[in-house]
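Asks: Here it is, the structure in full.
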Amino acid sequence: MKSGYAALVGRPNVGKSTLMNRLIGQKIAITSDRPQTTRDKIETVYTDDRGQIIFMDTPGIHKAKNKLGEFMDTVAEKAFGDADVIVWLVEPTTYVGAGEERIADLINNRNKHSRPVILVINKTDTLKNPADIKAVIDTYSSKCHFDDIIAVSAATGKNEDELMETIFKYMPEGPMYYDEETVTEIPMRTIAEELIREQMLKFISDEIPHGAAVIIEKFSERKNGLFDIDADIVCEKDSHKGIIIGKGGSMLRKIGTAARAEIEDQLGAQVNLKLFVKVRKNWRDNETFIKSFGYNIKKR
């Protein structure tokens, strides 16, 4: 059987998480139209008669502005060495920015074992003229050698079957790493943290959600099947705390209500969710805080 790891790489906000969720048929990674939504590598498993693909959704490669950003870039770059197949997502434009140039450099200079590279041009549903795709292909083909190039839309599912077939084509033969029922080994409490952070990205503007982390302090199940979840939202400034809480607690309730619905959908059970907001000044540049919040590259 075919089996192995496929790394989804790209700059921020190209649709890696949306595509992965669609390909596996289940929402595991949070999504947002904000850049830098994914902070850590997220692994999911797809299994069918052809074999098994372990997808690695990685943070968008960008110019790091703090130690958290450096961690995110390190996670993304490490995936180039861990993958059996590299899937590079780009948008349907001929503009090649610093992020794309950096990824091209990683592919050209760090893909030491000549792993297959598939260029995936995403968001093709936004193209007014489908013929424009040729110019995009020509632009990126001048940067790297690609084993295959596929145009898709993660939003609509266009060409997702073709993409899966192509990834399997380049996967090596190997063992079945997980049983066929496994979709992810990410703990539910970690997924819950991400689902809460997703609602912050949805409801709070500006940079505040990017300076926030969510830490589950309590995750327990009662005898009647109801889950009690207590979570701390950690932000960097007192002014951010006020915005997250909102007038009379209105914003915190809004985040909590939406997050609870998402968590209940994942658990298939009722949830009693309590949110608390704490300030840890400039935590994104503090290695102690970063590691204590679970962002520790040395564990990987």
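Convention: chains lettered A, B, ... in structure tokens order; per-chain residue numbering from 1; ligands numbered from 1 as shown.
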Pick out the residues sitting within 6 Å of Gln52 of chain A, and hand them over as a ChimeraX atom specification; count only C-alpha atoms, and ignore anything fewer than 4 positions along from it in its own chain.
Replies: /A:3,46-47
Asks: How would the residues just picked look written out with C-alpha atoms as a PDB file, in the first residue's frame?
Replies:
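again33.pdb, freshly written:
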```pdb
ATOM      1  CA  SER A   3       1.624   5.511   2.843  1.00  0.00           C
ATOM      2  CA  TYR A  46      -6.690  10.072   5.421  1.00  0.00           C
ATOM      3  CA  THR A  47      -7.153   6.362   4.684  1.00  0.00           C
TER       4      THR A  47
END
```
Asks: Can you list, as number ranges by chain, every residue of segment 20-265 of chain A that DSSP puts in alpha helix (DSSP H)?
Replies: A: 20-24, 67-82, 98-110, 133-141, 160-170, 188-203, 238-245, 250-265
Asks: Please produce an output containing C-alpha atoms for each residue in the selection, written as an mmCIF file, in the first residue's frame.
Replies:
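Below is the file that was written, selection39.cif:
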```
data_model
loop_
_atom_site.group_PDB
_atom_site.id
_atom_site.type_symbol
_atom_site.label_atom_id
_atom_site.label_comp_id
_atom_site.auth_asym_id
_atom_site.auth_seq_id
_atom_site.Cartn_x
_atom_site.Cartn_y
_atom_site.Cartn_z
ATOM 1 C CA MET A 20 -6.688 19.877 4.610
ATOM 2 C CA ASN A 21 -10.074 19.893 6.347
ATOM 3 C CA ARG A 22 -11.798 19.331 3.007
ATOM 4 C CA LEU A 23 -9.484 16.521 1.940
ATOM 5 C CA ILE A 24 -9.986 14.546 5.152
ATOM 6 C CA LYS A 67 9.942 34.472 19.209
ATOM 7 C CA LEU A 68 6.531 32.912 18.560
ATOM 8 C CA GLY A 69 6.953 33.797 14.892
ATOM 9 C CA GLU A 70 10.407 32.201 14.908
ATOM 10 C CA PHE A 71 8.883 29.047 16.382
ATOM 11 C CA MET A 72 6.212 28.986 13.675
ATOM 12 C CA ASP A 73 8.772 29.365 10.897
ATOM 13 C CA THR A 74 10.930 26.629 12.400
ATOM 14 C CA VAL A 75 7.946 24.258 12.502
ATOM 15 C CA ALA A 76 7.122 25.000 8.865
ATOM 16 C CA GLU A 77 10.697 24.599 7.656
ATOM 17 C CA LYS A 78 11.149 21.343 9.572
ATOM 18 C CA ALA A 79 8.233 19.867 7.646
ATOM 19 C CA PHE A 80 10.338 19.952 4.464
ATOM 20 C CA GLY A 81 12.587 17.302 5.982
ATOM 21 C CA ASP A 82 9.801 15.258 7.561
ATOM 22 C CA ALA A 98 9.221 37.398 -0.157
ATOM 23 C CA GLY A 99 7.358 34.456 1.378
ATOM 24 C CA GLU A 100 7.112 32.614 -1.932
ATOM 25 C CA GLU A 101 10.767 33.346 -2.722
ATOM 26 C CA ARG A 102 11.765 31.889 0.613
ATOM 27 C CA ILE A 103 9.741 28.721 0.011
ATOM 28 C CA ALA A 104 11.287 28.350 -3.444
ATOM 29 C CA ASP A 105 14.703 28.635 -1.821
ATOM 30 C CA LEU A 106 13.780 25.958 0.736
ATOM 31 C CA ILE A 107 12.637 23.633 -2.019
ATOM 32 C CA ASN A 108 15.680 24.250 -4.203
ATOM 33 C CA ASN A 109 18.311 24.153 -1.479
ATOM 34 C CA ARG A 110 16.929 22.089 1.408
ATOM 35 C CA ILE A 133 -3.930 30.180 -14.717
ATOM 36 C CA LYS A 134 -1.300 29.579 -17.414
ATOM 37 C CA ALA A 135 0.557 32.752 -16.428
ATOM 38 C CA VAL A 136 0.601 31.602 -12.805
ATOM 39 C CA ILE A 137 1.995 28.212 -13.830
ATOM 40 C CA ASP A 138 4.691 29.838 -15.945
ATOM 41 C CA THR A 139 5.684 32.184 -13.108
ATOM 42 C CA TYR A 140 6.158 29.440 -10.533
ATOM 43 C CA SER A 141 7.713 26.977 -12.976
ATOM 44 C CA GLU A 160 -9.851 17.669 -4.835
ATOM 45 C CA ASP A 161 -10.125 14.098 -6.152
ATOM 46 C CA GLU A 162 -7.415 14.790 -8.720
ATOM 47 C CA LEU A 163 -5.183 16.227 -5.999
ATOM 48 C CA MET A 164 -5.644 13.172 -3.769
ATOM 49 C CA GLU A 165 -4.867 10.860 -6.681
ATOM 50 C CA THR A 166 -1.708 12.839 -7.420
ATOM 51 C CA ILE A 167 -0.487 12.777 -3.820
ATOM 52 C CA PHE A 168 -1.009 9.018 -3.676
ATOM 53 C CA LYS A 169 0.898 8.667 -6.957
ATOM 54 C CA TYR A 170 4.032 10.105 -5.376
ATOM 55 C CA MET A 188 -9.455 17.042 22.233
ATOM 56 C CA ARG A 189 -8.377 19.633 24.787
ATOM 57 C CA THR A 190 -5.895 21.025 22.239
ATOM 58 C CA ILE A 191 -8.601 21.132 19.577
ATOM 59 C CA ALA A 192 -10.840 22.947 22.065
ATOM 60 C CA GLU A 193 -8.124 25.556 22.672
ATOM 61 C CA GLU A 194 -7.871 26.152 18.948
ATOM 62 C CA LEU A 195 -11.635 26.384 18.490
ATOM 63 C CA ILE A 196 -11.801 29.104 21.138
ATOM 64 C CA ARG A 197 -8.943 30.984 19.455
ATOM 65 C CA GLU A 198 -10.762 30.648 16.120
ATOM 66 C CA GLN A 199 -13.743 32.553 17.506
ATOM 67 C CA MET A 200 -11.448 35.301 18.726
ATOM 68 C CA LEU A 201 -10.083 35.633 15.199
ATOM 69 C CA LYS A 202 -13.650 35.804 13.937
ATOM 70 C CA PHE A 203 -15.058 38.396 16.317
ATOM 71 C CA ASP A 238 -4.430 45.329 29.831
ATOM 72 C CA SER A 239 -6.162 47.251 27.033
ATOM 73 C CA HIS A 240 -6.489 44.001 25.049
ATOM 74 C CA LYS A 241 -8.057 42.325 28.067
ATOM 75 C CA GLY A 242 -10.771 44.969 28.146
ATOM 76 C CA ILE A 243 -11.553 44.491 24.457
ATOM 77 C CA ILE A 244 -11.688 40.696 24.765
ATOM 78 C CA ILE A 245 -14.081 40.941 27.711
ATOM 79 C CA SER A 250 -20.491 40.946 26.016
ATOM 80 C CA MET A 251 -17.556 39.993 23.780
ATOM 81 C CA LEU A 252 -16.377 37.193 26.053
ATOM 82 C CA ARG A 253 -19.909 35.747 26.076
ATOM 83 C CA LYS A 254 -20.052 35.995 22.285
ATOM 84 C CA ILE A 255 -16.747 34.146 21.916
ATOM 85 C CA GLY A 256 -17.777 31.563 24.501
ATOM 86 C CA THR A 257 -21.190 30.858 22.971
ATOM 87 C CA ALA A 258 -19.751 30.303 19.492
ATOM 88 C CA ALA A 259 -16.805 28.270 20.759
ATOM 89 C CA ARG A 260 -19.051 26.073 22.907
ATOM 90 C CA ALA A 261 -21.172 25.188 19.866
ATOM 91 C CA GLU A 262 -18.050 24.189 17.895
ATOM 92 C CA ILE A 263 -16.659 22.115 20.769
ATOM 93 C CA GLU A 264 -20.009 20.390 21.332
ATOM 94 C CA ASP A 265 -20.096 19.496 17.649
#
```
Asks: Would you list the contacts of segment 273-287 of chain A as a list in words, taking every protein, DNA or RNA residue within 6 Å and counting only C-alpha atoms, but skipping same-chain residues closer than 5 positions in sequence?
Replies: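 In the requested form, the answer reads Asn66, Lys67, Leu68, Ile229, Asp230, Ala231, Asp232, Ile233, Val234, Cys235, Glu236 and Lys237 of chain A.
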Asks: Please write the residues from the selection above to a file, keeping N, CA, C and O atoms, as a PDB file, in the first residue's frame.
Replies:
```pdb
ATOM      1  N   ASN A  66       8.681  38.056  16.218  1.00  0.00           N
ATOM      2  CA  ASN A  66       8.891  37.759  17.629  1.00  0.00           C
ATOM      3  C   ASN A  66       9.266  36.291  17.766  1.00  0.00           C
ATOM      4  O   ASN A  66       9.353  35.562  16.765  1.00  0.00           O
ATOM      5  N   LYS A  67       9.502  35.853  18.995  1.00  0.00           N
ATOM      6  CA  LYS A  67       9.942  34.472  19.209  1.00  0.00           C
ATOM      7  C   LYS A  67       8.860  33.457  18.840  1.00  0.00           C
ATOM      8  O   LYS A  67       9.176  32.355  18.390  1.00  0.00           O
ATOM      9  N   LEU A  68       7.596  33.808  19.006  1.00  0.00           N
ATOM     10  CA  LEU A  68       6.531  32.912  18.560  1.00  0.00           C
ATOM     11  C   LEU A  68       6.587  32.755  17.043  1.00  0.00           C
ATOM     12  O   LEU A  68       6.449  31.649  16.515  1.00  0.00           O
ATOM     13  N   ILE A 229     -15.347  22.575  30.933  1.00  0.00           N
ATOM     14  CA  ILE A 229     -14.097  23.088  30.368  1.00  0.00           C
ATOM     15  C   ILE A 229     -13.865  24.506  30.872  1.00  0.00           C
ATOM     16  O   ILE A 229     -14.721  25.383  30.697  1.00  0.00           O
ATOM     17  N   ASP A 230     -12.739  24.721  31.541  1.00  0.00           N
ATOM     18  CA  ASP A 230     -12.301  26.054  31.951  1.00  0.00           C
ATOM     19  C   ASP A 230     -11.099  26.428  31.110  1.00  0.00           C
ATOM     20  O   ASP A 230     -10.143  25.639  30.988  1.00  0.00           O
ATOM     21  N   ALA A 231     -11.119  27.606  30.512  1.00  0.00           N
ATOM     22  CA  ALA A 231     -10.020  28.020  29.641  1.00  0.00           C
ATOM     23  C   ALA A 231      -9.592  29.442  29.956  1.00  0.00           C
ATOM     24  O   ALA A 231     -10.426  30.319  30.204  1.00  0.00           O
ATOM     25  N   ASP A 232      -8.267  29.660  29.952  1.00  0.00           N
ATOM     26  CA  ASP A 232      -7.702  30.995  30.099  1.00  0.00           C
ATOM     27  C   ASP A 232      -7.367  31.554  28.728  1.00  0.00           C
ATOM     28  O   ASP A 232      -6.697  30.882  27.919  1.00  0.00           O
ATOM     29  N   ILE A 233      -7.825  32.745  28.451  1.00  0.00           N
ATOM     30  CA  ILE A 233      -7.382  33.481  27.274  1.00  0.00           C
ATOM     31  C   ILE A 233      -6.280  34.421  27.747  1.00  0.00           C
ATOM     32  O   ILE A 233      -6.515  35.300  28.575  1.00  0.00           O
ATOM     33  N   VAL A 234      -5.080  34.206  27.257  1.00  0.00           N
ATOM     34  CA  VAL A 234      -3.923  34.993  27.687  1.00  0.00           C
ATOM     35  C   VAL A 234      -3.608  36.034  26.613  1.00  0.00           C
ATOM     36  O   VAL A 234      -3.398  35.690  25.447  1.00  0.00           O
ATOM     37  N   CYS A 235      -3.599  37.302  27.012  1.00  0.00           N
ATOM     38  CA  CYS A 235      -3.280  38.384  26.075  1.00  0.00           C
ATOM     39  C   CYS A 235      -2.081  39.173  26.583  1.00  0.00           C
ATOM     40  O   CYS A 235      -1.575  38.931  27.685  1.00  0.00           O
ATOM     41  N   GLU A 236      -1.609  40.130  25.793  1.00  0.00           N
ATOM     42  CA  GLU A 236      -0.351  40.817  26.100  1.00  0.00           C
ATOM     43  C   GLU A 236      -0.520  42.158  26.814  1.00  0.00           C
ATOM     44  O   GLU A 236       0.428  42.660  27.407  1.00  0.00           O
ATOM     45  N   LYS A 237      -1.717  42.759  26.736  1.00  0.00           N
ATOM     46  CA  LYS A 237      -1.880  44.098  27.299  1.00  0.00           C
ATOM     47  C   LYS A 237      -3.198  44.199  28.065  1.00  0.00           C
ATOM     48  O   LYS A 237      -4.180  43.523  27.727  1.00  0.00           O
TER      49      LYS A 237
END
```
Asks: Which distance in Å separates atom CA of Ile61 of chain A and atom CA of Ile150 of chain A, to one decimal?
Replies: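 These two atoms are separated by 21.0 Å.
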Asks: Would you compute the distance between atom CA of Lys63 of chain A and atom CA of Phe146 of chain A? Give it in Å to one decimal.
Replies: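 Going from atom CA of Lys63 of chain A over to atom CA of Phe146 of chain A covers 24.6 Å.
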Asks: Smallest atom-to-atom distance to Ile53 of chain A: which of A:Glu180, A:Glu221, A:Asp206, A:Asp125, using only C-alpha atoms?
Replies: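 Under the stated criterion, the closest residue is A:Glu180.
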Asks: So how many Å separate atom CA of Phe289 of chain A and atom CA of Gly248 of chain A, to one decimal?
Replies: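 Straight-line distance from atom CA of Phe289 of chain A to atom CA of Gly248 of chain A works out to 29.0 Å.
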Asks: Quick check for you: according to DSSP on this backbone, which residues of segment 149-200 of chain A are classed as strand (DSSP E or B)? Reply as a PyMOL selection string.
Replies: chain A and resi 149-151+153+158+173
Asks: Just the residues within 8 Å of Tyr295 of chain A, please, counting only C-alpha atoms, with nothing from its chain fewer than 2 positions along; format it as a list of chain:residue names.
Replies: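 My list of contacting residues is A:Asp40, A:Leu68, A:Phe71, A:Ile290, A:Lys291, A:Ser292, A:Phe293, A:Ile297.
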Asks: Take the residues just selected and output them with C-alpha atoms as a CSV table (one decimal), in the first residue's frame.
Replies:
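After the write, selection.csv holds the following:
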```csv
chain,number,residue,atom,x,y,z
A,40,ASP,CA,1.9,24.7,15.1
A,68,LEU,CA,6.5,32.9,18.6
A,71,PHE,CA,8.9,29.0,16.4
A,290,ILE,CA,6.0,30.2,24.8
A,291,LYS,CA,7.1,26.8,26.0
A,292,SER,CA,4.6,26.7,28.8
A,293,PHE,CA,1.8,27.4,26.3
A,297,ILE,CA,10.1,23.0,19.0
```
Asks: Tell me which protein, DNA and RNA residues are within 10 Å of segment 171-173 of chain A, counting only C-alpha atoms, leaving out same-chain ones fewer than 5 positions away, and put them as a list of chain:residue names.
Replies: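 Result of the neighbour search: A:Met1, A:Lys2, A:Ser3, A:Gly4, A:Tyr5, A:Ala6, A:Gly51, A:Gln52, A:Ile53, A:Ala83, A:Asp84, A:Val85, A:Arg115, A:Pro116, A:Thr166.
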Asks: Keeping only N, CA and C atoms, write those residues as a CSV table (one decimal), in the first residue's frame.
Replies:
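Full text of again_36.csv as output:
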```csv
chain,number,residue,atom,x,y,z
A,1,MET,N,0.8,-1.2,0.0
A,1,MET,CA,0.0,0.0,0.0
A,1,MET,C,0.9,1.2,0.0
A,2,LYS,N,0.3,2.3,-0.4
A,2,LYS,CA,1.0,3.6,-0.4
A,2,LYS,C,0.8,4.3,1.0
A,3,SER,N,1.8,4.8,1.6
A,3,SER,CA,1.6,5.5,2.8
A,3,SER,C,2.8,6.5,3.1
A,4,GLY,N,2.5,7.6,3.8
A,4,GLY,CA,3.5,8.5,4.1
A,4,GLY,C,3.0,9.9,4.5
A,5,TYR,N,3.9,10.9,4.6
A,5,TYR,CA,3.5,12.2,5.1
A,5,TYR,C,3.5,13.2,3.9
A,6,ALA,N,2.5,14.0,3.9
A,6,ALA,CA,2.4,15.1,2.9
A,6,ALA,C,2.4,16.4,3.6
A,51,GLY,N,-4.3,3.5,0.3
A,51,GLY,CA,-3.3,3.6,1.3
A,51,GLY,C,-3.6,4.7,2.3
A,52,GLN,N,-2.6,5.3,2.9
A,52,GLN,CA,-2.8,6.3,4.0
A,52,GLN,C,-1.9,7.5,3.8
A,53,ILE,N,-2.5,8.7,3.9
A,53,ILE,CA,-1.7,9.9,3.8
A,53,ILE,C,-1.9,10.6,5.2
A,83,ALA,N,8.6,15.3,5.4
A,83,ALA,CA,7.6,14.9,4.5
A,83,ALA,C,8.1,13.9,3.4
A,84,ASP,N,7.2,13.1,2.9
A,84,ASP,CA,7.5,12.3,1.8
A,84,ASP,C,7.1,13.0,0.5
A,85,VAL,N,6.1,13.8,0.6
A,85,VAL,CA,5.7,14.7,-0.5
A,85,VAL,C,5.4,16.1,0.0
A,115,ARG,N,12.5,15.1,-2.6
A,115,ARG,CA,11.2,14.7,-2.4
A,115,ARG,C,10.3,15.3,-3.5
A,116,PRO,N,9.2,14.5,-4.0
A,116,PRO,CA,8.3,15.1,-5.0
A,116,PRO,C,7.7,16.4,-4.5
A,166,THR,N,-3.1,12.4,-7.1
A,166,THR,CA,-1.7,12.8,-7.4
A,166,THR,C,-0.8,12.6,-6.2
```
Asks: For a quick check of understanding, using only C-alpha atoms, which of A:Ser220, A:Thr184, A:Ser205, A:Ser153 has the smallest distance to Asn272 of chain A?
Replies: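 Residue with the minimum atom-to-atom distance to Asn272 of chain A: A:Ser220.
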Asks: Using only C-alpha atoms, which residue out of A:Thr124, A:Asp57, A:Ile186, A:Gly246 lies closest to Gly157 of chain A?
Replies: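 The answer is A:Thr124, which sits nearest to Gly157 of chain A.
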Asks: Quick one: of A:Glu207, A:Glu217, A:Glu181, A:Asp228, who's nearest to Val45 of chain A, counting only C-alpha atoms?
Replies: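 Looking at the shortest contact to Val45 of chain A, the residue is A:Glu181.
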